[in-house]
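Since the structure comes first, as structure tokens, the remarks are kept for the end.
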Amino acid sequence: VQLVESGGGLVQPGGSLRLSCAAAGFTFSNYDMTWFRQAPGKERELVAGISTNGRSTNYAASVKGRFTISRDNVKNTVSLQMNSLKPDDTAVYYCRRGGFPVYWGQGTQVTVSS
């Protein structure tokens, strides 16, 4: 199983970024997928999740209305569109495969700063 995140970087407050997670080594369409993040000195927290067929999504209250999770079961990718970014969104962002066992990507750094 491989999960490889990309798309992180430095962005100014109010800006946008799109993260992607490329999955390999398992039947992607059979698993829920989730984005988590971990800021320095804080616990890892759930950001957004998406069901196997993409019809059901859920978001942390802090990102609802600003972030959108989506998936492509042909390309085996899950994405996170992040708009209206705030300094508090600064963190390492990870994608995670649902089910058992749990698999994590290596993370991608997002820094929101002027």
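Chain identifiers are assigned as A, B, and so on, following the order in which chains appear in the structure tokens; residues are numbered from 1 within each chain, and ligands are numbered from 1 in order of appearance.
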
Distance query range 85-90 of chain A at most 10 Å, only C-alpha atoms, self and fewer than 4 positions along chain excluded, as a ChimeraX atom specification
/A:9-17,37-40,62-63,66-67,109-114

Can you tell me which residues surround Thr68 in chain A at a distance of at most 7 Å, considering only C-alpha atoms, apart from same-chain residues fewer than 6 positions away, and format the answer as a VMD selection string?
chain A and resid 80 to 82

Across A:Asn83, A:Thr57, A:Gln2, A:Thr77, the smallest distance to Gly25 in chain A, with only C-alpha atoms counted, is shown by A:Gln2

Which residues come within 6 Å of Cys21 in chain A, counting only C-alpha atoms, excluding same-chain residues fewer than 5 positions away, as a list of chain:residue names?
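Near Cys21 in chain A, the qualifying residues are A:Val4, A:Glu5, A:Thr77, A:Val78.
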
Limited to C-alpha atoms, could you put the picked residues into a file as a PDB file, in the first residue's frame?
ATOM      1  CA  VAL A   4       1.633   9.814  -1.573  1.00  0.00           C
ATOM      2  CA  GLU A   5       0.474  13.358  -0.821  1.00  0.00           C
ATOM      3  CA  THR A  77      -6.678   9.836  -6.065  1.00  0.00           C
ATOM      4  CA  VAL A  78      -8.302  11.777  -3.266  1.00  0.00           C
TER       5      VAL A  78
END

Looking at A:Gly99, A:Tyr31, A:Asn53, A:Arg18, which one is nearest to Ser84 in chain A, with distances taken over only C-alpha atoms?
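Closest candidate: A:Arg18.
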
Skipping near chain neighbours, those fewer than 5 positions away, what residues fall within 8 Å of Cys95 in chain A using only C-alpha atoms, listed as number ranges by chain?
A: 3, 5, 21, 33-36, 104-105, 107

Apply DSSP to the structure's backbone, then extract all residues of range 1-79 of chain A labelled strand (DSSP E or B) and return them as a PyMOL selection string.
chain A and resi 2-6+9-11+17-24+33-38+45-50+57-59+67-72+77-79

Give me, please, the distance in Å between CA of Phe28 in chain A and CA of Asn73 in chain A, quoted to one decimal.
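Straight-line distance from CA of Phe28 in chain A to CA of Asn73 in chain A works out to 6.6 Å.
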
One decimal, Å: what's the distance from CA of Lys42 in chain A over to CA of Gly54 in chain A, could you say?
29.1 Å
